[in-house]
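J.: The file below is protein.cif, mmCIF, N, CA and C atoms:
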data_start
#
loop_
_atom_site.label_atom_id
_atom_site.label_comp_id
_atom_site.auth_asym_id
_atom_site.auth_seq_id
_atom_site.Cartn_x
_atom_site.Cartn_y
_atom_site.Cartn_z
N MET F 317 -16.61 -12.06 4.07
CA MET F 317 -16.87 -12.73 2.83
C MET F 317 -15.53 -13.04 2.17
N SER F 318 -15.35 -14.26 1.79
CA SER F 318 -14.10 -14.63 1.11
C SER F 318 -14.35 -14.70 -0.38
N ARG F 319 -13.28 -14.50 -1.13
CA ARG F 319 -13.44 -14.56 -2.58
C ARG F 319 -13.13 -15.95 -3.07
N PRO F 320 -13.81 -16.40 -4.10
CA PRO F 320 -13.57 -17.75 -4.61
C PRO F 320 -12.21 -17.85 -5.29
N THR F 321 -11.64 -19.02 -5.24
CA THR F 321 -10.38 -19.28 -5.92
C THR F 321 -10.67 -20.17 -7.11
N VAL F 322 -10.20 -19.75 -8.26
CA VAL F 322 -10.37 -20.53 -9.48
C VAL F 322 -9.00 -20.94 -9.97
N ILE F 323 -8.80 -22.23 -10.13
CA ILE F 323 -7.53 -22.74 -10.60
C ILE F 323 -7.75 -23.39 -11.96
N VAL F 324 -7.01 -22.91 -12.94
CA VAL F 324 -7.09 -23.47 -14.29
C VAL F 324 -5.76 -24.17 -14.54
N PRO F 325 -5.78 -25.49 -14.71
CA PRO F 325 -4.53 -26.23 -14.92
C PRO F 325 -3.74 -25.68 -16.11
N GLY F 326 -2.43 -25.53 -15.91
CA GLY F 326 -1.56 -25.07 -16.98
C GLY F 326 -1.65 -23.59 -17.28
N ARG F 327 -2.33 -22.85 -16.45
CA ARG F 327 -2.51 -21.43 -16.69
C ARG F 327 -2.09 -20.63 -15.47
N GLN F 328 -1.25 -19.65 -15.69
CA GLN F 328 -0.79 -18.81 -14.59
C GLN F 328 -1.82 -17.71 -14.34
N ALA F 329 -2.02 -17.39 -13.08
CA ALA F 329 -2.97 -16.33 -12.74
C ALA F 329 -2.45 -14.99 -13.25
N PRO F 330 -3.35 -14.10 -13.68
CA PRO F 330 -2.92 -12.77 -14.12
C PRO F 330 -2.20 -12.05 -12.99
N ARG F 331 -1.13 -11.39 -13.32
CA ARG F 331 -0.34 -10.69 -12.32
C ARG F 331 -0.45 -9.17 -12.44
N ARG F 332 -0.52 -8.64 -13.65
CA ARG F 332 -0.51 -7.19 -13.86
C ARG F 332 -1.92 -6.73 -14.25
N TRP F 333 -2.56 -6.03 -13.33
CA TRP F 333 -3.93 -5.56 -13.52
C TRP F 333 -3.94 -4.05 -13.71
N LEU F 334 -4.77 -3.57 -14.62
CA LEU F 334 -5.04 -2.15 -14.77
C LEU F 334 -6.51 -1.93 -14.50
N VAL F 335 -6.81 -1.03 -13.57
CA VAL F 335 -8.19 -0.71 -13.24
C VAL F 335 -8.41 0.77 -13.54
N THR F 336 -9.31 1.07 -14.47
CA THR F 336 -9.68 2.46 -14.73
C THR F 336 -10.93 2.78 -13.93
N GLY F 337 -11.11 4.04 -13.61
CA GLY F 337 -12.24 4.42 -12.76
C GLY F 337 -12.00 4.01 -11.32
N ALA F 338 -10.75 4.00 -10.91
CA ALA F 338 -10.37 3.47 -9.60
C ALA F 338 -10.87 4.30 -8.43
N ALA F 339 -11.32 5.52 -8.66
CA ALA F 339 -11.83 6.34 -7.56
C ALA F 339 -13.32 6.15 -7.33
N GLY F 340 -13.98 5.46 -8.23
CA GLY F 340 -15.42 5.22 -8.09
C GLY F 340 -15.71 4.10 -7.10
N MET F 341 -16.98 3.88 -6.84
CA MET F 341 -17.39 2.87 -5.85
C MET F 341 -16.90 1.47 -6.23
N LEU F 342 -17.19 1.05 -7.45
CA LEU F 342 -16.77 -0.28 -7.90
C LEU F 342 -15.25 -0.36 -8.01
N GLY F 343 -14.64 0.67 -8.61
CA GLY F 343 -13.19 0.68 -8.77
C GLY F 343 -12.44 0.62 -7.46
N THR F 344 -12.91 1.36 -6.47
CA THR F 344 -12.27 1.36 -5.15
C THR F 344 -12.31 -0.02 -4.52
N ASP F 345 -13.46 -0.67 -4.58
CA ASP F 345 -13.60 -2.01 -4.01
C ASP F 345 -12.75 -3.03 -4.75
N LEU F 346 -12.73 -2.94 -6.08
CA LEU F 346 -11.95 -3.88 -6.88
C LEU F 346 -10.46 -3.72 -6.60
N VAL F 347 -9.98 -2.49 -6.55
CA VAL F 347 -8.56 -2.25 -6.27
C VAL F 347 -8.18 -2.80 -4.90
N ALA F 348 -9.03 -2.59 -3.90
CA ALA F 348 -8.75 -3.11 -2.55
C ALA F 348 -8.67 -4.64 -2.57
N LEU F 349 -9.59 -5.27 -3.28
CA LEU F 349 -9.60 -6.73 -3.38
C LEU F 349 -8.34 -7.24 -4.07
N LEU F 350 -7.98 -6.61 -5.17
CA LEU F 350 -6.79 -7.04 -5.91
C LEU F 350 -5.52 -6.81 -5.11
N ARG F 351 -5.43 -5.69 -4.41
CA ARG F 351 -4.22 -5.39 -3.63
C ARG F 351 -4.07 -6.32 -2.44
N ALA F 352 -5.13 -6.96 -2.02
CA ALA F 352 -5.04 -7.95 -0.95
C ALA F 352 -4.29 -9.19 -1.41
N ASP F 353 -4.26 -9.41 -2.72
CA ASP F 353 -3.51 -10.52 -3.31
C ASP F 353 -2.10 -10.02 -3.58
N ARG F 354 -1.17 -10.42 -2.75
CA ARG F 354 0.19 -9.89 -2.83
C ARG F 354 0.90 -10.24 -4.14
N ALA F 355 0.40 -11.23 -4.86
CA ALA F 355 1.02 -11.61 -6.14
C ALA F 355 0.57 -10.68 -7.27
N ALA F 356 -0.50 -9.94 -7.06
CA ALA F 356 -1.03 -9.07 -8.10
C ALA F 356 -0.32 -7.72 -8.09
N GLU F 357 0.00 -7.23 -9.27
CA GLU F 357 0.52 -5.88 -9.45
C GLU F 357 -0.63 -5.05 -9.99
N VAL F 358 -1.05 -4.04 -9.25
CA VAL F 358 -2.25 -3.29 -9.60
C VAL F 358 -1.90 -1.85 -9.95
N THR F 359 -2.34 -1.42 -11.12
CA THR F 359 -2.26 -0.02 -11.51
C THR F 359 -3.68 0.51 -11.45
N ALA F 360 -3.91 1.49 -10.60
CA ALA F 360 -5.24 2.05 -10.41
C ALA F 360 -5.26 3.47 -10.97
N LEU F 361 -6.06 3.69 -12.00
CA LEU F 361 -6.12 5.00 -12.63
C LEU F 361 -7.49 5.65 -12.42
N THR F 362 -7.47 6.94 -12.13
CA THR F 362 -8.69 7.72 -11.96
C THR F 362 -8.91 8.59 -13.20
N ARG F 363 -9.99 9.31 -13.21
CA ARG F 363 -10.29 10.22 -14.32
C ARG F 363 -9.17 11.24 -14.50
N ALA F 364 -8.58 11.69 -13.40
CA ALA F 364 -7.49 12.66 -13.47
C ALA F 364 -6.23 12.05 -14.09
N ASP F 365 -6.07 10.73 -13.95
CA ASP F 365 -4.89 10.04 -14.48
C ASP F 365 -5.01 9.68 -15.95
N LEU F 366 -6.22 9.40 -16.41
CA LEU F 366 -6.41 8.89 -17.77
C LEU F 366 -7.75 9.33 -18.33
N ASP F 367 -7.71 9.94 -19.51
CA ASP F 367 -8.93 10.28 -20.25
C ASP F 367 -9.25 9.07 -21.13
N VAL F 368 -10.27 8.31 -20.76
CA VAL F 368 -10.58 7.07 -21.48
C VAL F 368 -11.09 7.32 -22.90
N THR F 369 -11.33 8.58 -23.26
CA THR F 369 -11.72 8.89 -24.64
C THR F 369 -10.51 9.20 -25.52
N ASP F 370 -9.32 9.23 -24.94
CA ASP F 370 -8.08 9.48 -25.67
C ASP F 370 -7.45 8.13 -26.03
N ALA F 371 -7.65 7.70 -27.27
CA ALA F 371 -7.22 6.36 -27.70
C ALA F 371 -5.72 6.14 -27.51
N ALA F 372 -4.91 7.13 -27.82
CA ALA F 372 -3.46 6.97 -27.68
C ALA F 372 -3.06 6.82 -26.21
N ALA F 373 -3.69 7.59 -25.35
CA ALA F 373 -3.39 7.50 -23.92
C ALA F 373 -3.83 6.15 -23.35
N VAL F 374 -4.98 5.67 -23.80
CA VAL F 374 -5.47 4.36 -23.34
C VAL F 374 -4.53 3.26 -23.82
N GLN F 375 -4.12 3.32 -25.07
CA GLN F 375 -3.21 2.30 -25.61
C GLN F 375 -1.91 2.27 -24.81
N ALA F 376 -1.38 3.42 -24.47
CA ALA F 376 -0.15 3.48 -23.67
C ALA F 376 -0.39 2.93 -22.27
N ALA F 377 -1.55 3.23 -21.69
CA ALA F 377 -1.84 2.80 -20.32
C ALA F 377 -2.00 1.29 -20.21
N VAL F 378 -2.61 0.66 -21.21
CA VAL F 378 -2.87 -0.78 -21.13
C VAL F 378 -1.64 -1.63 -21.44
N ALA F 379 -0.66 -1.05 -22.08
CA ALA F 379 0.55 -1.80 -22.44
C ALA F 379 1.19 -2.43 -21.21
N GLY F 380 1.51 -3.70 -21.31
CA GLY F 380 2.20 -4.39 -20.23
C GLY F 380 1.30 -4.98 -19.16
N HIS F 381 0.00 -4.85 -19.30
CA HIS F 381 -0.92 -5.41 -18.31
C HIS F 381 -1.53 -6.70 -18.85
N ASP F 382 -1.77 -7.65 -17.94
CA ASP F 382 -2.40 -8.91 -18.31
C ASP F 382 -3.91 -8.78 -18.39
N VAL F 383 -4.48 -7.93 -17.53
CA VAL F 383 -5.93 -7.76 -17.45
C VAL F 383 -6.23 -6.27 -17.32
N VAL F 384 -7.24 -5.82 -18.06
CA VAL F 384 -7.71 -4.44 -17.95
C VAL F 384 -9.18 -4.49 -17.56
N VAL F 385 -9.52 -3.78 -16.49
CA VAL F 385 -10.91 -3.70 -16.04
C VAL F 385 -11.31 -2.24 -16.06
N ASN F 386 -12.31 -1.91 -16.88
CA ASN F 386 -12.79 -0.54 -17.00
C ASN F 386 -14.01 -0.37 -16.10
N THR F 387 -13.83 0.33 -15.00
CA THR F 387 -14.96 0.63 -14.12
C THR F 387 -15.35 2.09 -14.24
N ALA F 388 -14.74 2.80 -15.21
CA ALA F 388 -15.05 4.21 -15.42
C ALA F 388 -16.45 4.35 -16.02
N ALA F 389 -17.16 5.35 -15.55
CA ALA F 389 -18.52 5.59 -16.06
C ALA F 389 -18.48 6.43 -17.31
#
What do you get writing this file as structure tokens?
T.:
Amino acid sequence: MSRPTVIVPGRQAPRRWLVTGAAGMLGTDLVALLRADRAAEVTALTRADLDVTDAAAVQAAVAGHDVVVNTAA
């Protein structure tokens, strides 16, 4: 199965991705898909890496990323 390519004129594709819940089923698949794109920089965080209920920790983790995807349950 190939993934669709979406091109938006005048817009650069996101490069820095943060995925929370990266050890889960959805997170694992998403990280693998993103890492297949060599232009993407992927930060994959698990529950052990980030407590998503800690606002200060979340704010620090998301800094510098273009896209944040929360797959944490």
J.: The residues within 10 Å of (-0.9, -6.0, -14.0), using only C-alpha atoms and the coordinates of the file, should be reported as a list in words; which are they?
T.: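 Output of the proximity query reads Pro330, Arg331, Arg332, Trp333, Leu334, Val335, Ala355, Ala356, Glu357, Val358, Thr359, Ala360, Val378, Ala379, Gly380, His381, Asp382, Val383 and Val384 of chain F.
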J.: Return the single residue from F:Leu366, F:Val374, F:Ala388, F:Leu361 that is closest to Leu342 in chain F, with distances computed using only C-alpha atoms.
T.: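 So, comparing all the options, the nearest one is F:Ala388.
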J.: Mind listing the strand (DSSP E) residues of range 323-387 of chain F, per DSSP on the backbone, as a VMD selection string?
T.: chain F and resid 332 to 336 357 to 361 383 to 386
J.: Residues of chain F classed as helix (DSSP H, G or I) by DSSP on the backbone are to be reported as a PyMOL selection string.
T.: chain F and resi 341-352+371-378
J.: Name the closest residue to Asp345 in chain F among the candidates F:Thr387, F:Asp367, F:Ala377, F:Ala372; distances are taken between atoms, counting only C-alpha atoms.
T.: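 Closest residue, counting only C-alpha atoms: F:Thr387.
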